[in-house]
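Trainee: Sharing a structure, written as structure tokens. Questions coming.
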Amino acid sequence: MDPSETNIPPMKDLTIDNITENTVLINSQSPDERVTYVMERLVTHLHDFARETRLSTKEWMTALNFLVKVGQISSDVRHEFILLSDILGLSLLVDAIDHPKPPASTEGSVLGPFHTHDPPVIDNGQSMSSDPQGEPCLVLCTVKDVKGNPIEGVKIDIWETDSTGHYDVQYKDLESPDGRCVMKSDKDGVFWFKAIVPVPYPIPHDGPVGQLLKLLKRHPWRPAHMHFMFEKPGWDHLITALYMRNDPYETSDAVFGVKQSLIVDFTTVNAETAKKYGVKEGLKLLTHDFVLVGEKETEKLRDENALAALKKLGRKVKLIDHLPVPDVD
């Protein structure tokens with residue numbers, strides 16, 4: 001940008017005491033109120049963090065080099081920054097803020113770093129896993145609204161690891177997607193498929209995020225789970241997962257994804273179910289009813305939560321596109 005097109009206030013003799021207000025001032029020229037507000041809060045909290053911890057130059061450089069390494073190890077199939085956000089609890093926090101859930105609806109969980117955009121589309125009854133070592137299971141699900149009405153035509157992304165605890169994209173010789181699929185709910189809101197029983201696994205810990213976990217004396221393990229993502233116009237986007245009960249990592253998930261309402265039990269297929277779905281009796285069975293919330297209902301709840309939370313903090317705000325900005329009128 002041409003310097004003549006900006007109105008930069010004089011900046012000199014900056015100190016510990018006045019650097020923050022001057023940084024906020026020079027960042028406050030954007031016509032976008034939300035950008036200005038986010039940057040003002042970001043700079044204020046970052047500067048206060050440095051002052052409160054008396055951050056040293058050595059520590060600051062260590063942090064910058066850490067972020068460089070996070071970027072360097074990232075790729076199209078390994079999102080180390082998502083992993084970092086996950087282990088800091090930020091992913092779950094942002095999802096909870098942006099997608100609040102009313103009672104009786106399915107709660108969200110973390111996306112994780114291994115979702116892809118090229119899974120095969122399968123029909124009801126097909127298998128999403130070709131792992132011969134995995135324990136086969138049948139998964140029977142429904143998608144409904146909070147009143148119990150079925151929702152037809154919902155796009156559902158589903159993904160899980162193989163029996164060794166690895167996602168397909170973690171294999172360099174991957175020829176085609178496996179352990180993942182996309183489905184559509186039918187007129188009764190039903191979708192069902194064959195998979196393998198999920199197993200616990202460690203998140204990638206051979207990079208900078210793993211080094212941070214080690215420094216913090218935290219383990220990298222996630223409890224056994226299966227990911228689900230639901231999309232349909234008019235409905236709030238839901239990213240969630242189902243977690244196996246009594247998993248050894250149920251209460252210490254490295255990325256904080258487990259919620260009581262998302263913990264499920266496997267049962268076994270009885271003779272009637274085996275005949276209906278064309279599977280063997282005694283097969284492991286997972287059943288679950290997912291409940292989606294209308295987009296407008298979520299927007300209303302998010303707006304109410306935002307105004308109440310910021311009022312509690314003593315901040316006078318207004319909402320633009322459902323996001324808070326200072327109300328200076």
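Just so we're on the same page: first chain in the structure tokens is A, next is B, and so on; residues restart at 1 for each chain, and ligands are numbered from 1 in the order they show up.
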Pull the closest atom pair for each residue of segment 253-290 of chain A that gets at most 10 Å from segment 198-215 of chain A, along with the distance in Å to one decimal, counting only C-alpha atoms, ordering rows by chain and then ascending residue number, as a Markdown table.
Mentor:
```
| residue | atom | partner | partner_atom | distance |
| --- | --- | --- | --- | --- |
| A:Asp253 | CA | A:Pro202 | CA | 9.7 |
| A:Ala254 | CA | A:Ile203 | CA | 7.9 |
| A:Val255 | CA | A:Ile203 | CA | 8.9 |
```
Trainee: I'd like the neighbourhood of Thr44 of chain A as JSON, numbers by chain, where a residue qualifies if any of its atoms comes within 8 Å (using only C-alpha atoms), though same-chain residues fewer than 4 positions away should be ignored.
Mentor: {"A": [20, 24, 40, 48]}
Trainee: Given the selection you just returned, output its residues as a file containing all heavy atoms, formatted as a PDB file, in the first residue's frame.
Mentor:
```
ATOM      1  N   THR A  20       1.711  -0.880  23.682  1.00  0.00           N
ATOM      2  CA  THR A  20       0.442  -1.536  23.368  1.00  0.00           C
ATOM      3  C   THR A  20      -0.557  -0.556  22.771  1.00  0.00           C
ATOM      4  O   THR A  20      -1.150  -0.810  21.713  1.00  0.00           O
ATOM      5  CB  THR A  20      -0.158  -2.203  24.624  1.00  0.00           C
ATOM      6  OG1 THR A  20       0.779  -3.147  25.139  1.00  0.00           O
ATOM      7  CG2 THR A  20      -1.451  -2.922  24.282  1.00  0.00           C
ATOM      8  N   VAL A  24      -2.061  -0.740  18.943  1.00  0.00           N
ATOM      9  CA  VAL A  24      -3.510  -0.779  18.701  1.00  0.00           C
ATOM     10  C   VAL A  24      -3.929   0.394  17.827  1.00  0.00           C
ATOM     11  O   VAL A  24      -4.728   0.247  16.891  1.00  0.00           O
ATOM     12  CB  VAL A  24      -4.274  -0.757  20.044  1.00  0.00           C
ATOM     13  CG1 VAL A  24      -5.764  -0.497  19.814  1.00  0.00           C
ATOM     14  CG2 VAL A  24      -4.065  -2.072  20.787  1.00  0.00           C
ATOM     15  N   GLU A  40      -7.162  -5.625  17.978  1.00  0.00           N
ATOM     16  CA  GLU A  40      -7.003  -4.880  19.244  1.00  0.00           C
ATOM     17  C   GLU A  40      -6.941  -5.836  20.427  1.00  0.00           C
ATOM     18  O   GLU A  40      -6.088  -5.715  21.314  1.00  0.00           O
ATOM     19  CB  GLU A  40      -8.160  -3.902  19.407  1.00  0.00           C
ATOM     20  CG  GLU A  40      -8.059  -3.017  20.652  1.00  0.00           C
ATOM     21  CD  GLU A  40      -8.791  -3.614  21.859  1.00  0.00           C
ATOM     22  OE1 GLU A  40      -9.821  -4.299  21.646  1.00  0.00           O
ATOM     23  OE2 GLU A  40      -8.323  -3.420  23.001  1.00  0.00           O
ATOM     24  N   ASP A  48       0.088  -8.189  27.143  1.00  0.00           N
ATOM     25  CA  ASP A  48      -0.099  -8.446  28.572  1.00  0.00           C
ATOM     26  C   ASP A  48       0.559  -9.769  28.980  1.00  0.00           C
ATOM     27  O   ASP A  48       1.126  -9.887  30.073  1.00  0.00           O
ATOM     28  CB  ASP A  48      -1.591  -8.480  28.917  1.00  0.00           C
ATOM     29  CG  ASP A  48      -2.190  -7.082  28.984  1.00  0.00           C
ATOM     30  OD1 ASP A  48      -1.419  -6.100  29.038  1.00  0.00           O
ATOM     31  OD2 ASP A  48      -3.435  -6.970  28.979  1.00  0.00           O
TER      32      ASP A  48
END
```
Trainee: List as a ChimeraX atom specification the protein and nucleic acid residues near Thr251 of chain A, meaning an atom at most 12 Å away when only C-alpha atoms are counted, but skip any in the same chain fewer than 5 places from it.
Mentor: /A:221-224,243-246,256-260,263
Trainee: Would you mind exporting the chosen residues as a CSV table (one decimal), in the first residue's frame, restricted to C-alpha atoms?
Mentor:
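For reference, out-v2.csv as written:
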```
chain,number,residue,atom,x,y,z
A,221,TRP,CA,-3.0,-40.9,23.1
A,222,ARG,CA,-6.6,-40.5,21.9
A,223,PRO,CA,-9.4,-42.9,23.0
A,224,ALA,CA,-11.0,-45.1,20.4
A,243,TYR,CA,-16.1,-42.6,21.7
A,244,MET,CA,-15.9,-46.1,23.0
A,245,ARG,CA,-16.9,-46.5,26.7
A,246,ASN,CA,-14.2,-47.7,29.1
A,256,PHE,CA,-9.9,-32.9,24.9
A,257,GLY,CA,-12.5,-34.2,22.5
A,258,VAL,CA,-14.5,-36.6,24.8
A,259,LYS,CA,-17.9,-35.6,26.2
A,260,GLN,CA,-20.1,-37.8,28.2
A,263,ILE,CA,-19.6,-42.0,24.8
```
Trainee: Can you work out the spacing between atom CA of Val279 of chain A and atom CA of Thr267 of chain A in Å, to one decimal?
Mentor: 14.3 Å
Trainee: Excluding same-chain residues fewer than 3 positions from Met229 of chain A, what lies within 9 Å of it counting only C-alpha atoms, as a VMD selection string?
Mentor: chain A and resid 111 155 to 158 237 to 241
Trainee: Deliver the residues from the most recent selection as a file, using N, CA, C and O atoms, as a short mmCIF file (atom, residue, chain, number, x, y, z; two decimals), in the first residue's frame.
Mentor:
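So the final result, stored in result-v7.cif, reads:
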```
data_model
loop_
_atom_site.label_atom_id
_atom_site.label_comp_id
_atom_site.auth_asym_id
_atom_site.auth_seq_id
_atom_site.Cartn_x
_atom_site.Cartn_y
_atom_site.Cartn_z
N LEU A 111 -12.35 -31.68 15.05
CA LEU A 111 -12.18 -32.18 13.69
C LEU A 111 -10.95 -33.06 13.56
O LEU A 111 -10.97 -34.10 12.89
N LYS A 155 -25.52 -34.68 4.13
CA LYS A 155 -24.22 -35.22 3.75
C LYS A 155 -23.44 -35.55 5.02
O LYS A 155 -23.28 -34.70 5.88
N ILE A 156 -22.97 -36.79 5.10
CA ILE A 156 -22.26 -37.24 6.30
C ILE A 156 -20.88 -37.73 5.93
O ILE A 156 -20.73 -38.68 5.17
N ASP A 157 -19.85 -37.04 6.42
CA ASP A 157 -18.46 -37.50 6.29
C ASP A 157 -18.17 -38.40 7.49
O ASP A 157 -18.45 -38.01 8.63
N ILE A 158 -17.57 -39.55 7.24
CA ILE A 158 -17.23 -40.48 8.31
C ILE A 158 -15.79 -40.93 8.10
O ILE A 158 -15.40 -41.24 6.97
N HIS A 237 -23.76 -26.70 10.94
CA HIS A 237 -22.70 -27.66 10.62
C HIS A 237 -22.26 -28.37 11.90
O HIS A 237 -21.92 -27.71 12.89
N LEU A 238 -22.26 -29.69 11.88
CA LEU A 238 -21.89 -30.46 13.08
C LEU A 238 -20.66 -31.31 12.81
O LEU A 238 -20.65 -32.14 11.89
N ILE A 239 -19.62 -31.09 13.60
CA ILE A 239 -18.43 -31.94 13.61
C ILE A 239 -18.41 -32.64 14.96
O ILE A 239 -18.41 -31.98 16.01
N THR A 240 -18.43 -33.96 14.95
CA THR A 240 -18.50 -34.69 16.21
C THR A 240 -17.80 -36.03 16.09
O THR A 240 -17.16 -36.33 15.08
N ALA A 241 -17.87 -36.83 17.14
CA ALA A 241 -17.27 -38.16 17.14
C ALA A 241 -17.96 -39.00 18.20
O ALA A 241 -18.54 -38.47 19.15
#
```
Trainee: Within 12 Å of Leu42 of chain A, counting only C-alpha atoms, which residues qualify if same-chain residues fewer than 5 places away don't, as a VMD selection string?
Mentor: chain A and resid 20 23 to 24 27 35 to 37 47 to 49
Trainee: Applying 10 Å and only C-alpha atoms, which residues near Lys194 of chain A remain after dropping the ones on its own chain fewer than 2 positions away? List them as a PyMOL selection string.
Mentor: chain A and resi 124-129+136-140+192+196-197+279+285-286
Trainee: Can those selected residues be exported to a file as a PDB file, in the first residue's frame so that it contains N, CA and C atoms?
Mentor:
```pdb
ATOM      1  N   ASN A 124     -26.000 -47.005   1.589  1.00  0.00           N
ATOM      2  CA  ASN A 124     -26.319 -47.770   2.791  1.00  0.00           C
ATOM      3  C   ASN A 124     -25.916 -49.228   2.630  1.00  0.00           C
ATOM      4  N   GLY A 125     -25.268 -49.763   3.653  1.00  0.00           N
ATOM      5  CA  GLY A 125     -24.906 -51.173   3.646  1.00  0.00           C
ATOM      6  C   GLY A 125     -23.513 -51.480   3.166  1.00  0.00           C
ATOM      7  N   GLN A 126     -22.852 -50.502   2.555  1.00  0.00           N
ATOM      8  CA  GLN A 126     -21.501 -50.751   2.053  1.00  0.00           C
ATOM      9  C   GLN A 126     -20.468 -50.565   3.174  1.00  0.00           C
ATOM     10  N   SER A 127     -19.260 -51.020   2.914  1.00  0.00           N
ATOM     11  CA  SER A 127     -18.185 -50.935   3.904  1.00  0.00           C
ATOM     12  C   SER A 127     -17.252 -49.778   3.573  1.00  0.00           C
ATOM     13  N   MET A 128     -16.767 -49.107   4.604  1.00  0.00           N
ATOM     14  CA  MET A 128     -15.812 -48.017   4.371  1.00  0.00           C
ATOM     15  C   MET A 128     -14.384 -48.442   4.711  1.00  0.00           C
ATOM     16  N   SER A 129     -14.201 -49.687   5.143  1.00  0.00           N
ATOM     17  CA  SER A 129     -12.868 -50.157   5.513  1.00  0.00           C
ATOM     18  C   SER A 129     -12.532 -51.462   4.806  1.00  0.00           C
ATOM     19  N   PRO A 136     -14.651 -56.448  12.414  1.00  0.00           N
ATOM     20  CA  PRO A 136     -15.796 -55.887  11.681  1.00  0.00           C
ATOM     21  C   PRO A 136     -16.916 -55.443  12.617  1.00  0.00           C
ATOM     22  N   CYS A 137     -17.639 -54.435  12.185  1.00  0.00           N
ATOM     23  CA  CYS A 137     -18.800 -53.981  12.949  1.00  0.00           C
ATOM     24  C   CYS A 137     -19.850 -53.413  12.008  1.00  0.00           C
ATOM     25  N   LEU A 138     -21.064 -53.387  12.481  1.00  0.00           N
ATOM     26  CA  LEU A 138     -22.189 -52.785  11.771  1.00  0.00           C
ATOM     27  C   LEU A 138     -22.570 -51.513  12.508  1.00  0.00           C
ATOM     28  N   VAL A 139     -22.768 -50.424  11.748  1.00  0.00           N
ATOM     29  CA  VAL A 139     -23.105 -49.130  12.356  1.00  0.00           C
ATOM     30  C   VAL A 139     -24.455 -48.671  11.816  1.00  0.00           C
ATOM     31  N   LEU A 140     -25.437 -48.520  12.694  1.00  0.00           N
ATOM     32  CA  LEU A 140     -26.798 -48.111  12.323  1.00  0.00           C
ATOM     33  C   LEU A 140     -27.093 -46.760  12.964  1.00  0.00           C
ATOM     34  N   TRP A 192     -26.579 -46.309   7.266  1.00  0.00           N
ATOM     35  CA  TRP A 192     -25.931 -47.436   7.937  1.00  0.00           C
ATOM     36  C   TRP A 192     -24.830 -48.004   7.047  1.00  0.00           C
ATOM     37  N   ILE A 196     -14.887 -50.983  10.961  1.00  0.00           N
ATOM     38  CA  ILE A 196     -14.185 -51.814  11.945  1.00  0.00           C
ATOM     39  C   ILE A 196     -14.292 -51.135  13.303  1.00  0.00           C
ATOM     40  N   VAL A 197     -14.194 -51.912  14.349  1.00  0.00           N
ATOM     41  CA  VAL A 197     -14.259 -51.360  15.705  1.00  0.00           C
ATOM     42  C   VAL A 197     -13.065 -50.430  15.913  1.00  0.00           C
ATOM     43  N   VAL A 279     -26.035 -59.457   7.621  1.00  0.00           N
ATOM     44  CA  VAL A 279     -24.724 -59.634   8.254  1.00  0.00           C
ATOM     45  C   VAL A 279     -24.772 -60.845   9.177  1.00  0.00           C
ATOM     46  N   LEU A 285     -22.018 -54.331  17.061  1.00  0.00           N
ATOM     47  CA  LEU A 285     -23.046 -53.408  16.577  1.00  0.00           C
ATOM     48  C   LEU A 285     -22.960 -52.070  17.316  1.00  0.00           C
ATOM     49  N   LEU A 286     -22.974 -50.992  16.539  1.00  0.00           N
ATOM     50  CA  LEU A 286     -23.012 -49.642  17.100  1.00  0.00           C
ATOM     51  C   LEU A 286     -24.245 -48.940  16.557  1.00  0.00           C
TER      52      LEU A 286
END
```
Trainee: Using DSSP secondary structure from the backbone, list all strand (DSSP E or B) positions within segment 40-144 of chain A, as a list in words.
Mentor: Val121, Ser127, Pro136, Cys137, Leu138, Val139, Leu140, Cys141, Thr142, Val143 and Lys144 of chain A
Trainee: Write the selection just made, keeping C-alpha atoms, as a PDB file, in the first residue's frame?
Mentor:
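Listed below is the output, selection-v3.pdb:
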```pdb
ATOM      1  CA  VAL A 121     -19.297 -41.921  -1.687  1.00  0.00           C
ATOM      2  CA  SER A 127     -18.185 -50.935   3.904  1.00  0.00           C
ATOM      3  CA  PRO A 136     -15.796 -55.887  11.681  1.00  0.00           C
ATOM      4  CA  CYS A 137     -18.800 -53.981  12.949  1.00  0.00           C
ATOM      5  CA  LEU A 138     -22.189 -52.785  11.771  1.00  0.00           C
ATOM      6  CA  VAL A 139     -23.105 -49.130  12.356  1.00  0.00           C
ATOM      7  CA  LEU A 140     -26.798 -48.111  12.323  1.00  0.00           C
ATOM      8  CA  CYS A 141     -27.567 -44.391  12.655  1.00  0.00           C
ATOM      9  CA  THR A 142     -30.297 -41.817  12.224  1.00  0.00           C
ATOM     10  CA  VAL A 143     -30.264 -38.039  11.731  1.00  0.00           C
ATOM     11  CA  LYS A 144     -33.188 -36.127  13.228  1.00  0.00           C
TER      12      LYS A 144
END
```
